[in-house]
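All remarks here apply to the structure that follows.
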Amino acid sequence: MIYKKIKEIIATQFNIDEEEITKDTSFKDTLNADSLDLVELVMALEDEFGLEVEDEDMENIKTVGDAVEHITNALEE
């Protein structure tokens with residue numbers, strides 16, 4: 001559920017097909033995301049899941065799988 005929703009948000013933000021997104025998809029290397037793209041993505045994820053991603057945590061989120069893991073863990077707390 002979380003993974004699917006994150007894929008939907010990424011597909012919308014980066015204007016790509018959801019089928020192209022895997023847990024190994026790198027925001028910088030695969031999607032060519034710059035820092036502004038990442039900030040906008042994190043804001044969308046925060047809004048969707050009702051949580052706050054700290055700046056130091058954001059630096060550790062490099063792939064879609066990292067984002068799924070971080071949000072899953074944050075929602076369990």
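Please note that chains go A, B, ... in the order of the structure tokens, that every chain numbers its residues from 1, and that ligands are numbered from 1 in the order shown.
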Pick out the residues sitting within 9 Å of A:Ile9, and hand them over as a tab-separated table (two decimals) with N, CA, C and O atoms, in the first residue's frame; count only C-alpha atoms, and ignore anything fewer than 3 positions along from it in its own chain.
```tsv
chain	number	residue	atom	x	y	z
A	4	LYS	N	2.90	1.41	-3.25
A	4	LYS	CA	2.07	1.80	-4.39
A	4	LYS	C	1.78	3.30	-4.37
A	4	LYS	O	1.85	3.96	-5.40
A	5	LYS	N	1.47	3.84	-3.21
A	5	LYS	CA	1.17	5.27	-3.10
A	5	LYS	C	2.41	6.10	-3.41
A	5	LYS	O	2.32	7.12	-4.10
A	6	ILE	N	3.56	5.67	-2.92
A	6	ILE	CA	4.80	6.39	-3.20
A	6	ILE	C	5.09	6.37	-4.70
A	6	ILE	O	5.48	7.39	-5.28
A	12	THR	N	3.78	10.99	-10.73
A	12	THR	CA	3.19	12.31	-10.98
A	12	THR	C	4.26	13.39	-10.94
A	12	THR	O	4.32	14.24	-11.84
A	13	GLN	N	5.10	13.37	-9.92
A	13	GLN	CA	6.13	14.41	-9.74
A	13	GLN	C	7.13	14.43	-10.90
A	13	GLN	O	7.57	15.50	-11.32
A	14	PHE	N	7.51	13.24	-11.39
A	14	PHE	CA	8.55	13.16	-12.40
A	14	PHE	C	7.99	12.87	-13.80
A	14	PHE	O	8.75	12.68	-14.74
A	41	LEU	N	9.25	16.43	-3.66
A	41	LEU	CA	8.80	15.06	-3.47
A	41	LEU	C	8.57	14.78	-1.99
A	41	LEU	O	7.54	14.22	-1.61
A	44	ALA	N	5.41	16.34	-0.80
A	44	ALA	CA	4.24	15.58	-1.25
A	44	ALA	C	4.05	14.33	-0.39
A	44	ALA	O	2.93	13.99	-0.02
A	45	LEU	N	5.16	13.66	-0.07
A	45	LEU	CA	5.07	12.46	0.77
A	45	LEU	C	4.63	12.82	2.18
A	45	LEU	O	3.82	12.10	2.78
A	48	GLU	N	0.91	13.45	2.07
A	48	GLU	CA	0.15	12.22	1.85
A	48	GLU	C	0.08	11.36	3.10
A	48	GLU	O	-0.97	10.81	3.43
```
If DSSP is run on the backbone, what residues of stretch 11-60 of chain A are alpha helix (DSSP H)? A reply as a PDB file with N, CA, C and O atoms, in the first residue's frame would be ideal.
```
ATOM      1  N   ALA A  11       5.570   9.051  -9.837  1.00  0.00           N
ATOM      2  CA  ALA A  11       5.179   9.073 -11.249  1.00  0.00           C
ATOM      3  C   ALA A  11       4.598  10.436 -11.620  1.00  0.00           C
ATOM      4  O   ALA A  11       4.908  10.991 -12.681  1.00  0.00           O
ATOM      5  N   THR A  12       3.784  10.989 -10.730  1.00  0.00           N
ATOM      6  CA  THR A  12       3.191  12.306 -10.981  1.00  0.00           C
ATOM      7  C   THR A  12       4.257  13.395 -10.941  1.00  0.00           C
ATOM      8  O   THR A  12       4.322  14.240 -11.841  1.00  0.00           O
ATOM      9  N   GLN A  13       5.100  13.374  -9.919  1.00  0.00           N
ATOM     10  CA  GLN A  13       6.130  14.413  -9.745  1.00  0.00           C
ATOM     11  C   GLN A  13       7.127  14.435 -10.899  1.00  0.00           C
ATOM     12  O   GLN A  13       7.565  15.497 -11.321  1.00  0.00           O
ATOM     13  N   PHE A  14       7.513  13.243 -11.387  1.00  0.00           N
ATOM     14  CA  PHE A  14       8.549  13.159 -12.405  1.00  0.00           C
ATOM     15  C   PHE A  14       7.993  12.870 -13.798  1.00  0.00           C
ATOM     16  O   PHE A  14       8.754  12.676 -14.741  1.00  0.00           O
ATOM     17  N   SER A  35      18.057  18.884  -6.092  1.00  0.00           N
ATOM     18  CA  SER A  35      17.634  19.099  -4.703  1.00  0.00           C
ATOM     19  C   SER A  35      16.217  19.669  -4.618  1.00  0.00           C
ATOM     20  O   SER A  35      15.462  19.305  -3.722  1.00  0.00           O
ATOM     21  N   LEU A  36      15.830  20.526  -5.545  1.00  0.00           N
ATOM     22  CA  LEU A  36      14.476  21.076  -5.536  1.00  0.00           C
ATOM     23  C   LEU A  36      13.444  19.980  -5.805  1.00  0.00           C
ATOM     24  O   LEU A  36      12.408  19.916  -5.145  1.00  0.00           O
ATOM     25  N   ASP A  37      13.748  19.095  -6.759  1.00  0.00           N
ATOM     26  CA  ASP A  37      12.853  17.967  -7.042  1.00  0.00           C
ATOM     27  C   ASP A  37      12.643  17.116  -5.789  1.00  0.00           C
ATOM     28  O   ASP A  37      11.528  16.703  -5.487  1.00  0.00           O
ATOM     29  N   LEU A  38      13.734  16.880  -5.071  1.00  0.00           N
ATOM     30  CA  LEU A  38      13.652  16.042  -3.872  1.00  0.00           C
ATOM     31  C   LEU A  38      12.857  16.722  -2.763  1.00  0.00           C
ATOM     32  O   LEU A  38      12.075  16.072  -2.078  1.00  0.00           O
ATOM     33  N   VAL A  39      13.041  18.022  -2.601  1.00  0.00           N
ATOM     34  CA  VAL A  39      12.281  18.759  -1.590  1.00  0.00           C
ATOM     35  C   VAL A  39      10.794  18.697  -1.915  1.00  0.00           C
ATOM     36  O   VAL A  39       9.962  18.449  -1.042  1.00  0.00           O
ATOM     37  N   GLU A  40      10.435  18.902  -3.172  1.00  0.00           N
ATOM     38  CA  GLU A  40       9.033  18.851  -3.586  1.00  0.00           C
ATOM     39  C   GLU A  40       8.455  17.454  -3.373  1.00  0.00           C
ATOM     40  O   GLU A  40       7.314  17.303  -2.927  1.00  0.00           O
ATOM     41  N   LEU A  41       9.255  16.433  -3.663  1.00  0.00           N
ATOM     42  CA  LEU A  41       8.801  15.057  -3.470  1.00  0.00           C
ATOM     43  C   LEU A  41       8.569  14.780  -1.987  1.00  0.00           C
ATOM     44  O   LEU A  41       7.539  14.217  -1.608  1.00  0.00           O
ATOM     45  N   VAL A  42       9.519  15.178  -1.157  1.00  0.00           N
ATOM     46  CA  VAL A  42       9.380  14.947   0.289  1.00  0.00           C
ATOM     47  C   VAL A  42       8.150  15.678   0.819  1.00  0.00           C
ATOM     48  O   VAL A  42       7.395  15.130   1.624  1.00  0.00           O
ATOM     49  N   MET A  43       7.909  16.890   0.354  1.00  0.00           N
ATOM     50  CA  MET A  43       6.722  17.633   0.798  1.00  0.00           C
ATOM     51  C   MET A  43       5.450  16.889   0.403  1.00  0.00           C
ATOM     52  O   MET A  43       4.500  16.801   1.201  1.00  0.00           O
ATOM     53  N   ALA A  44       5.413  16.337  -0.799  1.00  0.00           N
ATOM     54  CA  ALA A  44       4.245  15.581  -1.246  1.00  0.00           C
ATOM     55  C   ALA A  44       4.054  14.329  -0.394  1.00  0.00           C
ATOM     56  O   ALA A  44       2.927  13.987  -0.021  1.00  0.00           O
ATOM     57  N   LEU A  45       5.158  13.658  -0.069  1.00  0.00           N
ATOM     58  CA  LEU A  45       5.074  12.461   0.769  1.00  0.00           C
ATOM     59  C   LEU A  45       4.633  12.815   2.185  1.00  0.00           C
ATOM     60  O   LEU A  45       3.822  12.105   2.782  1.00  0.00           O
ATOM     61  N   GLU A  46       5.154  13.912   2.714  1.00  0.00           N
ATOM     62  CA  GLU A  46       4.751  14.355   4.051  1.00  0.00           C
ATOM     63  C   GLU A  46       3.249  14.644   4.094  1.00  0.00           C
ATOM     64  O   GLU A  46       2.559  14.244   5.033  1.00  0.00           O
ATOM     65  N   ASP A  47       2.751  15.331   3.069  1.00  0.00           N
ATOM     66  CA  ASP A  47       1.319  15.642   3.001  1.00  0.00           C
ATOM     67  C   ASP A  47       0.479  14.369   2.914  1.00  0.00           C
ATOM     68  O   ASP A  47      -0.531  14.228   3.596  1.00  0.00           O
ATOM     69  N   GLU A  48       0.911  13.451   2.065  1.00  0.00           N
ATOM     70  CA  GLU A  48       0.149  12.224   1.847  1.00  0.00           C
ATOM     71  C   GLU A  48       0.076  11.356   3.099  1.00  0.00           C
ATOM     72  O   GLU A  48      -0.970  10.808   3.427  1.00  0.00           O
ATOM     73  N   PHE A  49       1.199  11.231   3.798  1.00  0.00           N
ATOM     74  CA  PHE A  49       1.261  10.306   4.928  1.00  0.00           C
ATOM     75  C   PHE A  49       1.161  10.985   6.281  1.00  0.00           C
ATOM     76  O   PHE A  49       1.182  10.318   7.313  1.00  0.00           O
ATOM     77  N   ASP A  55      15.603  16.816   7.830  1.00  0.00           N
ATOM     78  CA  ASP A  55      16.619  17.036   6.807  1.00  0.00           C
ATOM     79  C   ASP A  55      17.693  15.951   6.798  1.00  0.00           C
ATOM     80  O   ASP A  55      18.104  15.487   5.733  1.00  0.00           O
ATOM     81  N   GLU A  56      18.139  15.549   7.992  1.00  0.00           N
ATOM     82  CA  GLU A  56      19.187  14.523   8.045  1.00  0.00           C
ATOM     83  C   GLU A  56      18.675  13.175   7.542  1.00  0.00           C
ATOM     84  O   GLU A  56      19.432  12.399   6.949  1.00  0.00           O
ATOM     85  N   ASP A  57      17.386  12.901   7.717  1.00  0.00           N
ATOM     86  CA  ASP A  57      16.808  11.675   7.174  1.00  0.00           C
ATOM     87  C   ASP A  57      16.707  11.749   5.660  1.00  0.00           C
ATOM     88  O   ASP A  57      16.905  10.750   4.965  1.00  0.00           O
ATOM     89  N   MET A  58      16.408  12.924   5.154  1.00  0.00           N
ATOM     90  CA  MET A  58      16.271  13.113   3.719  1.00  0.00           C
ATOM     91  C   MET A  58      17.570  12.773   2.989  1.00  0.00           C
ATOM     92  O   MET A  58      17.547  12.213   1.894  1.00  0.00           O
TER      93      MET A  58
END
```
So the first atom is atom CA of A:Asp66 and the second is atom CA of A:Asp24; what is the distance between them in Å, to one decimal place?
8.7 Å
Atom pair atom CA of A:Lys62 / atom CA of A:Glu20: separation (Å)
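The value is 16.6 Å.
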Kindly indicate which residue among A:Val64, A:Ala33, A:Ala74, A:Val53 lies nearest to A:Glu18, using only C-alpha atoms for the distances.
A:Val64
I need the residue nearest A:Ile71 from this list: A:Ile16, A:Gly50, A:Glu8, A:Phe27. Use only C-alpha atoms for the distance.
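Looking only at the distances to A:Ile71, the closest residue turns out to be A:Gly50.
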Separation of atom CA of A:Glu52 and atom CA of A:Asp17, in Å?
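So the two atoms, atom CA of A:Glu52 and atom CA of A:Asp17, lie 26.5 Å apart.
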